[in-house]
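For reference, protein.txt is printed below; it contains compact mmCIF, C-alpha atoms.
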# COMPACT_ATOMS: atom_id res chain seq x y z
CA MET A 1 100.39 22.94 55.26
CA PRO A 2 98.23 25.43 53.31
CA ASP A 3 100.12 28.41 51.80
CA ASN A 4 98.16 31.01 53.78
CA GLU A 5 98.83 29.36 57.18
CA THR A 6 101.94 30.30 59.18
CA PRO A 7 103.64 28.37 62.01
CA LEU A 8 102.64 31.11 64.47
CA GLN A 9 99.00 30.29 63.90
CA HIS A 10 99.65 26.73 65.04
CA GLU A 11 101.60 27.82 68.11
CA ALA A 12 99.06 30.35 69.37
CA PRO A 13 96.50 27.80 70.61
CA GLN A 14 99.25 25.86 72.34
CA SER A 15 100.40 29.01 74.18
CA ALA A 16 96.86 29.76 75.24
CA SER A 17 96.42 26.19 76.42
CA ALA A 18 99.70 26.32 78.39
CA SER A 19 98.74 29.55 80.10
CA ALA A 20 95.32 28.15 80.94
CA ALA A 21 96.97 25.14 82.58
CA LYS A 22 98.90 27.31 85.04
CA PRO A 23 97.19 27.46 88.45
CA PRO A 24 95.96 30.93 89.37
CA ILE A 25 97.91 32.81 92.00
CA GLU A 26 95.94 32.59 95.23
CA SER A 27 95.37 35.88 96.97
CA HIS A 28 94.17 36.32 100.54
CA GLY A 29 92.11 39.12 101.96
CA PRO A 30 91.83 40.22 105.59
CA ALA A 31 90.36 37.83 108.13
CA GLN A 32 86.56 37.43 108.10
CA LEU A 33 85.81 35.78 111.44
CA PRO A 34 82.72 33.55 111.56
CA SER A 35 80.25 33.58 114.43
CA GLY A 36 80.58 30.99 117.18
CA PHE A 37 83.53 30.19 119.41
CA TRP A 38 84.57 26.84 117.96
CA ARG A 39 84.11 28.06 114.40
CA GLN A 40 86.47 30.91 115.19
CA VAL A 41 89.04 28.50 116.61
CA ASP A 42 88.79 26.36 113.49
CA TYR A 43 89.03 29.44 111.25
CA LEU A 44 92.22 30.62 112.94
CA LEU A 45 93.74 27.15 112.60
CA HIS A 46 92.94 26.83 108.91
CA HIS A 47 93.23 30.43 107.69
CA PRO A 48 96.44 31.90 109.13
CA GLU A 49 97.08 33.70 105.82
CA GLU A 50 94.00 35.88 106.30
CA VAL A 51 95.10 36.75 109.83
CA MET A 52 98.53 37.70 108.51
CA GLU A 53 96.90 39.83 105.82
CA SER A 54 94.89 41.70 108.45
CA LEU A 55 98.13 42.49 110.27
CA LYS A 56 99.81 43.58 107.06
CA GLN A 57 96.92 45.85 106.04
CA ASP A 58 96.23 47.04 109.60
CA VAL A 59 92.57 46.02 109.27
CA GLY A 60 90.24 44.77 112.03
CA LEU A 61 93.01 44.28 114.57
CA TRP A 62 90.95 45.07 117.66
CA GLU A 63 88.34 42.50 116.63
CA LEU A 64 91.09 39.94 116.13
CA ALA A 65 92.59 40.86 119.51
CA ARG A 66 89.26 40.30 121.28
CA THR A 67 88.86 36.92 119.57
CA PHE A 68 92.40 35.87 120.46
CA PHE A 69 91.81 36.94 124.06
CA LEU A 70 88.65 34.84 124.44
CA ILE A 71 90.18 31.79 122.77
CA ALA A 72 93.27 32.00 124.96
CA LEU A 73 91.23 32.20 128.17
CA VAL A 74 88.97 29.25 127.34
CA MET A 75 91.71 26.95 126.05
CA ALA A 76 94.05 27.72 128.93
CA ALA A 77 91.24 27.06 131.40
CA LEU A 78 90.54 23.68 129.79
CA TYR A 79 94.14 22.58 130.18
CA GLY A 80 94.26 23.99 133.70
CA ALA A 81 91.29 21.81 134.64
CA VAL A 82 93.17 18.76 133.35
CA MET A 83 96.20 19.70 135.47
CA GLY A 84 94.07 20.12 138.56
CA ALA A 85 92.38 16.77 137.99
CA THR A 86 95.64 14.92 138.64
CA ASN A 87 94.99 14.66 142.38
CA LEU A 88 91.42 13.53 141.77
CA LEU A 89 92.68 10.70 139.57
CA GLN A 90 95.67 9.58 141.66
CA GLY A 91 94.32 9.03 145.13
CA SER A 92 95.31 12.23 146.89
CA VAL A 93 95.08 12.54 150.68
CA MET A 94 92.87 15.61 150.19
CA PRO A 95 89.13 15.33 150.86
CA MET A 96 86.96 15.04 147.78
CA GLN A 97 85.70 18.63 148.02
CA HIS A 98 89.29 19.88 148.05
CA ARG A 99 90.21 17.73 145.03
CA ILE A 100 87.33 19.25 143.06
CA LEU A 101 88.27 22.71 144.29
CA MET A 102 91.81 22.07 143.04
CA ILE A 103 90.43 21.56 139.52
CA LEU A 104 88.58 24.89 139.64
CA VAL A 105 91.56 26.77 141.10
CA THR A 106 93.97 25.46 138.47
CA ALA A 107 91.46 26.18 135.70
CA VAL A 108 91.69 29.83 136.80
CA LYS A 109 95.44 29.86 137.44
CA VAL A 110 96.59 28.87 133.93
CA PRO A 111 94.71 31.73 132.16
CA VAL A 112 95.95 34.11 134.87
CA LEU A 113 99.51 32.88 134.27
CA PHE A 114 99.23 33.63 130.55
CA LEU A 115 97.60 37.03 131.06
CA LEU A 116 100.10 38.20 133.66
CA THR A 117 102.99 37.06 131.48
CA LEU A 118 101.52 39.00 128.56
CA LEU A 119 101.02 42.17 130.62
CA ILE A 120 104.62 42.02 131.84
CA VAL A 121 106.28 41.37 128.47
CA LEU A 122 104.02 43.57 126.30
CA PRO A 123 105.73 46.92 127.15
CA PRO A 124 109.30 45.73 126.40
CA ILE A 125 108.14 44.00 123.22
CA TYR A 126 106.42 47.17 122.00
CA VAL A 127 109.29 49.48 122.89
CA SER A 128 112.02 47.18 121.55
CA ASN A 129 110.17 46.74 118.27
CA THR A 130 109.81 50.52 118.00
CA PHE A 131 113.51 51.14 118.48
CA MET A 132 114.90 48.17 116.52
CA GLY A 133 112.17 47.03 114.15
CA ALA A 134 109.37 48.16 111.93
CA ARG A 135 107.73 50.61 114.39
CA LEU A 136 104.45 48.71 114.42
CA PRO A 137 101.46 50.49 115.97
CA PHE A 138 100.39 49.46 119.46
CA ARG A 139 97.20 47.76 118.21
CA ALA A 140 99.29 45.53 115.94
CA VAL A 141 101.61 44.54 118.79
CA VAL A 142 98.60 43.79 121.04
CA ALA A 143 96.97 41.66 118.32
CA MET A 144 100.24 39.80 117.67
CA THR A 145 100.95 39.02 121.31
CA LEU A 146 97.36 37.94 121.96
CA GLY A 147 97.55 35.80 118.82
CA ALA A 148 100.69 34.18 120.20
CA MET A 149 98.89 33.56 123.49
CA ALA A 150 95.92 32.03 121.65
CA SER A 151 98.26 29.76 119.65
CA THR A 152 99.97 28.69 122.87
CA SER A 153 96.66 27.95 124.58
CA ILE A 154 95.25 26.00 121.63
CA SER A 155 98.44 23.91 121.40
CA LEU A 156 98.35 23.29 125.14
CA ALA A 157 94.68 22.32 125.15
CA SER A 158 95.32 19.89 122.30
CA MET A 159 97.68 17.99 124.62
CA GLY A 160 95.04 17.77 127.34
CA SER A 161 93.88 14.31 126.28
CA VAL A 162 97.48 13.03 126.47
CA ALA A 163 97.97 14.58 129.91
CA PHE A 164 94.67 13.09 131.08
CA PHE A 165 95.68 9.65 129.82
CA PHE A 166 98.95 9.68 131.76
CA ALA A 167 97.19 11.01 134.86
CA LEU A 168 94.92 7.95 134.67
CA THR A 169 97.69 5.41 134.03
CA SER A 170 100.59 6.77 136.11
CA LYS A 171 100.91 7.55 139.80
CA THR A 172 104.40 9.03 139.71
CA TYR A 173 104.07 12.67 140.73
CA ASP A 174 107.46 13.73 139.34
CA PHE A 175 106.71 12.18 135.96
CA ILE A 176 103.35 13.96 135.70
CA LYS A 177 104.91 17.28 136.69
CA LEU A 178 107.71 16.98 134.09
CA LEU A 179 105.17 15.94 131.46
CA HIS A 180 103.27 19.19 132.01
CA VAL A 181 106.51 21.17 131.84
CA LEU A 182 107.27 19.60 128.44
CA PHE A 183 103.77 20.38 127.17
CA PHE A 184 104.10 24.01 128.28
CA LEU A 185 107.49 24.22 126.57
CA TYR A 186 106.07 22.83 123.34
CA ALA A 187 103.05 25.17 123.41
CA GLY A 188 105.23 28.17 124.24
CA LEU A 189 107.50 27.51 121.25
CA VAL A 190 104.44 27.24 118.99
CA GLY A 191 103.13 30.56 120.29
CA LEU A 192 106.44 32.37 119.90
CA SER A 193 106.83 30.98 116.38
CA ALA A 194 103.43 32.46 115.55
CA LEU A 195 104.51 35.77 117.07
CA ALA A 196 107.68 35.83 114.95
CA GLN A 197 105.75 35.11 111.75
CA CYS A 198 103.17 37.80 112.54
CA ALA A 199 105.89 40.37 113.25
CA GLN A 200 107.66 39.59 109.99
CA VAL A 201 104.48 39.86 107.93
CA ALA A 202 103.27 43.01 109.70
CA SER A 203 106.58 44.74 109.04
CA ILE A 204 106.38 44.22 105.25
CA GLY A 205 106.45 47.60 103.53
CA ARG A 206 107.67 49.43 106.62
CA ARG A 207 111.06 51.00 107.26
CA ARG A 208 112.74 47.89 108.61
CA ALA A 209 111.91 44.27 109.16
CA THR A 210 111.97 43.10 112.75
CA PRO A 211 115.52 41.78 113.44
CA GLN A 212 115.90 38.06 114.09
CA LEU A 213 117.89 38.85 117.23
CA LEU A 214 114.83 40.54 118.66
CA PHE A 215 112.84 37.30 118.37
CA LEU A 216 115.49 35.54 120.47
CA ILE A 217 115.23 38.29 123.09
CA TRP A 218 111.45 37.91 123.15
CA LEU A 219 111.82 34.14 123.52
CA LEU A 220 114.13 34.51 126.53
CA LEU A 221 111.89 37.20 128.01
CA TYR A 222 108.77 35.06 127.72
CA GLY A 223 110.61 32.04 129.10
CA PHE A 224 112.04 33.68 132.20
CA VAL A 225 108.91 35.67 133.06
CA GLY A 226 106.60 32.71 132.45
CA THR A 227 108.58 30.23 134.52
CA GLN A 228 109.00 32.67 137.41
CA LEU A 229 105.28 33.45 137.44
CA ALA A 230 104.43 29.75 137.31
CA TRP A 231 106.65 29.24 140.34
CA VAL A 232 104.90 32.06 142.22
CA LEU A 233 101.41 30.75 141.35
CA ARG A 234 102.13 27.09 142.15
CA PRO A 235 100.84 24.48 142.80
CA PHE A 236 99.32 23.56 139.46
CA VAL A 237 99.81 19.83 139.90
CA GLY A 238 99.35 19.33 143.63
CA SER A 239 101.46 16.70 145.33
CA PRO A 240 99.32 13.70 146.36
CA ASN A 241 100.85 13.79 149.85
CA GLU A 242 100.07 17.43 150.59
CA LYS A 243 96.93 19.16 151.76
CA PHE A 244 95.01 21.61 149.62
CA GLN A 245 96.81 24.92 149.01
CA VAL A 246 95.94 27.78 146.69
CA PHE A 247 99.54 29.04 146.84
CA ARG A 248 102.65 27.53 148.36
CA PRO A 249 105.24 29.46 150.40
CA ARG A 250 108.06 30.81 148.26
CA SER A 251 111.16 28.64 148.41
CA GLY A 252 113.73 27.39 145.92
CA SER A 253 113.14 28.03 142.21
CA PHE A 254 111.40 26.54 139.20
CA TYR A 255 114.64 25.16 137.80
CA GLU A 256 115.61 23.54 141.11
CA SER A 257 112.20 21.88 141.25
CA VAL A 258 112.52 20.50 137.71
CA GLY A 259 116.02 19.23 138.49
CA GLN A 260 114.80 17.55 141.67
CA SER A 261 111.95 15.87 139.80
CA LEU A 262 114.37 14.60 137.16
CA ASP A 263 116.64 13.22 139.87
CA ASN A 264 113.72 11.51 141.65
CA LEU A 265 112.52 10.01 138.39
CA MET A 266 115.94 8.56 137.60
CA LYS A 267 116.11 6.87 140.99
CA HIS A 268 112.88 4.95 140.45
Write out the structure in this file as structure tokens.
Amino acid sequence: MPDNETPLQHEAPQSASASAAKPPIESHGPAQLPSGFWRQVDYLLHHPEEVMESLKQDVGLWELARTFFLIALVMAALYGAVMGATNLLQGSVMPMQHRILMILVTAVKVPVLFLLTLLIVLPPIYVSNTFMGARLPFRAVVAMTLGAMASTSISLASMGSVAFFFALTSKTYDFIKLLHVLFFLYAGLVGLSALAQCAQVASIGRRRATPQLLFLIWLLLYGFVGTQLAWVLRPFVGSPNEKFQVFRPRSGSFYESVGQSLDNLMKH
């Protein structure tokens, strides 16, 4: 080693090289929604961090809410059409025009189910979060709940091909009905998980984070309101042995119907 060269001079390039090897910290800005419906769906699936950042910064929430609203309506209608097609595929006693009408009616009913559920649960979610959580503004709560509804609808629509396959290959009404119940349960849990994540991110930097107990309350609230509304708006999957009906007379309950279908399925 030359006399005028110190060990620090050898170590400096190594330190610079080590720091250069470290990956840069990725930062996310607010959501920049592209034009076009399907591009927006794909953007929301692949860029949840930007959506979260918009909630955190309170930027562009009404635009996000409108996008969530449209996506939820279209995706819910797609799955509703699959549900209504069950009678068309399984030899229902209904005339052909009524089978086709059943598809159209159910394609309207599923978005209506989601929207009515949202309108009913939105006030208690907003008020409870104000009293117990981060005191998020109303626009943030609207964007979060519509985002949860969009996540639910996208998850549900993604199972449409599976539901269609079983409608083609199975003629057991109780099995088809329980299959749709499971798909709704799965999609609902996905949507509520998205709502919980959004609420946690949006509350960063505020007085309090949203309590975990509140998420459980929201889950139960969504579940009970959604199932009761579905029971009021039935049929979604019309029984092959019944005539066309837009709504059935009120009798029994959703849980009794699921239990009866399980019992019937076990007997076969």
Query raised in the report: Looking at all atoms listed in the file, which of A:Ile125, A:Leu219, A:Leu262, A:Ala187 is the one that sits closest to A:Gly160?
Result: A:Ala187
Report task. Determine the nearest neighbour of A:Met52 from the options A:Asn129, A:Gln200, A:Thr106, A:Ser35, counting only C-alpha atoms. Result ->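 Of A:Asn129, A:Gln200, A:Thr106, A:Ser35, the one nearest A:Met52 is A:Gln200, counting only C-alpha atoms.
If you look at atom CA of A:Leu113 and atom CA of A:Val162, they are 21.4 Å away from each other.
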Can you check which parts of stretch 71-116 of chain A lie within 10 Å of stretch 147-159 of chain A? Per residue, the shortest pair of atoms and distance in Å to one decimal, counting all atoms listed in the file, sorted by chain and number, as a tab-separated table.
residue	atom	partner	partner_atom	distance
A:Ile71	CA	A:Ala150	CA	5.9
A:Ala72	CA	A:Ala150	CA	4.2
A:Leu73	CA	A:Ser153	CA	7.8
A:Val74	CA	A:Ser153	CA	8.3
A:Met75	CA	A:Ser153	CA	5.3
A:Ala76	CA	A:Ser153	CA	5.1
A:Ala77	CA	A:Ala157	CA	8.6
A:Leu78	CA	A:Ala157	CA	6.4
A:Tyr79	CA	A:Ala157	CA	5.1
A:Gly80	CA	A:Ala157	CA	8.7
A:Val82	CA	A:Ala157	CA	9.1
A:Val110	CA	A:Ser153	CA	9.4
A:Pro111	CA	A:Ser153	CA	8.7
A:Phe114	CA	A:Met149	CA	7.1
A:Leu115	CA	A:Met149	CA	8.4
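With all atoms listed in the file as the atoms that count, the minimum distance from A:Gln97 to the choices A:Val59, A:Phe244, A:Leu168, A:Ser257 is reached by A:Phe244.
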Query raised in the report: What separation in Å, quoted to one decimal, exists between atom CA of A:Pro235 and atom CA of A:Leu192?
Result: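 The value is 24.9 Å.
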N, CA and C atoms restored at stretch 34-49 of chain A, emitted as a PDB file, in the frame of the given file:
ATOM      1  N   PRO A  34      84.105  34.028 111.498  1.00  0.00           N
ATOM      2  CA  PRO A  34      82.720  33.550 111.560  1.00  0.00           C
ATOM      3  C   PRO A  34      82.156  33.741 112.966  1.00  0.00           C
ATOM      4  N   SER A  35      80.878  33.518 113.113  1.00  0.00           N
ATOM      5  CA  SER A  35      80.250  33.580 114.430  1.00  0.00           C
ATOM      6  C   SER A  35      80.385  32.220 115.113  1.00  0.00           C
ATOM      7  N   GLY A  36      80.439  32.239 116.435  1.00  0.00           N
ATOM      8  CA  GLY A  36      80.580  30.990 117.180  1.00  0.00           C
ATOM      9  C   GLY A  36      81.999  30.733 117.593  1.00  0.00           C
ATOM     10  N   PHE A  37      82.177  30.351 118.864  1.00  0.00           N
ATOM     11  CA  PHE A  37      83.530  30.190 119.410  1.00  0.00           C
ATOM     12  C   PHE A  37      84.329  29.134 118.678  1.00  0.00           C
ATOM     13  N   TRP A  38      83.791  27.928 118.548  1.00  0.00           N
ATOM     14  CA  TRP A  38      84.570  26.840 117.960  1.00  0.00           C
ATOM     15  C   TRP A  38      84.802  27.051 116.469  1.00  0.00           C
ATOM     16  N   ARG A  39      83.877  27.722 115.803  1.00  0.00           N
ATOM     17  CA  ARG A  39      84.110  28.060 114.400  1.00  0.00           C
ATOM     18  C   ARG A  39      85.265  29.050 114.267  1.00  0.00           C
ATOM     19  N   GLN A  40      85.359  29.961 115.214  1.00  0.00           N
ATOM     20  CA  GLN A  40      86.470  30.910 115.190  1.00  0.00           C
ATOM     21  C   GLN A  40      87.799  30.221 115.440  1.00  0.00           C
ATOM     22  N   VAL A  41      87.808  29.274 116.373  1.00  0.00           N
ATOM     23  CA  VAL A  41      89.040  28.500 116.610  1.00  0.00           C
ATOM     24  C   VAL A  41      89.449  27.765 115.358  1.00  0.00           C
ATOM     25  N   ASP A  42      88.488  27.110 114.706  1.00  0.00           N
ATOM     26  CA  ASP A  42      88.790  26.360 113.490  1.00  0.00           C
ATOM     27  C   ASP A  42      89.243  27.294 112.370  1.00  0.00           C
ATOM     28  N   TYR A  43      88.639  28.479 112.288  1.00  0.00           N
ATOM     29  CA  TYR A  43      89.030  29.440 111.250  1.00  0.00           C
ATOM     30  C   TYR A  43      90.473  29.881 111.446  1.00  0.00           C
ATOM     31  N   LEU A  44      90.852  30.170 112.679  1.00  0.00           N
ATOM     32  CA  LEU A  44      92.220  30.620 112.940  1.00  0.00           C
ATOM     33  C   LEU A  44      93.235  29.515 112.675  1.00  0.00           C
ATOM     34  N   LEU A  45      92.828  28.251 112.877  1.00  0.00           N
ATOM     35  CA  LEU A  45      93.740  27.150 112.600  1.00  0.00           C
ATOM     36  C   LEU A  45      93.937  26.929 111.101  1.00  0.00           C
ATOM     37  N   HIS A  46      92.885  27.160 110.321  1.00  0.00           N
ATOM     38  CA  HIS A  46      92.940  26.830 108.910  1.00  0.00           C
ATOM     39  C   HIS A  46      93.145  28.033 107.989  1.00  0.00           C
ATOM     40  N   HIS A  47      93.077  29.240 108.529  1.00  0.00           N
ATOM     41  CA  HIS A  47      93.230  30.430 107.690  1.00  0.00           C
ATOM     42  C   HIS A  47      94.238  31.409 108.287  1.00  0.00           C
ATOM     43  N   PRO A  48      95.454  30.962 108.567  1.00  0.00           N
ATOM     44  CA  PRO A  48      96.440  31.900 109.130  1.00  0.00           C
ATOM     45  C   PRO A  48      96.834  32.989 108.137  1.00  0.00           C
ATOM     46  N   GLU A  49      96.707  32.690 106.822  1.00  0.00           N
ATOM     47  CA  GLU A  49      97.080  33.700 105.820  1.00  0.00           C
ATOM     48  C   GLU A  49      96.202  34.945 105.923  1.00  0.00           C
TER      49      GLU A  49
END
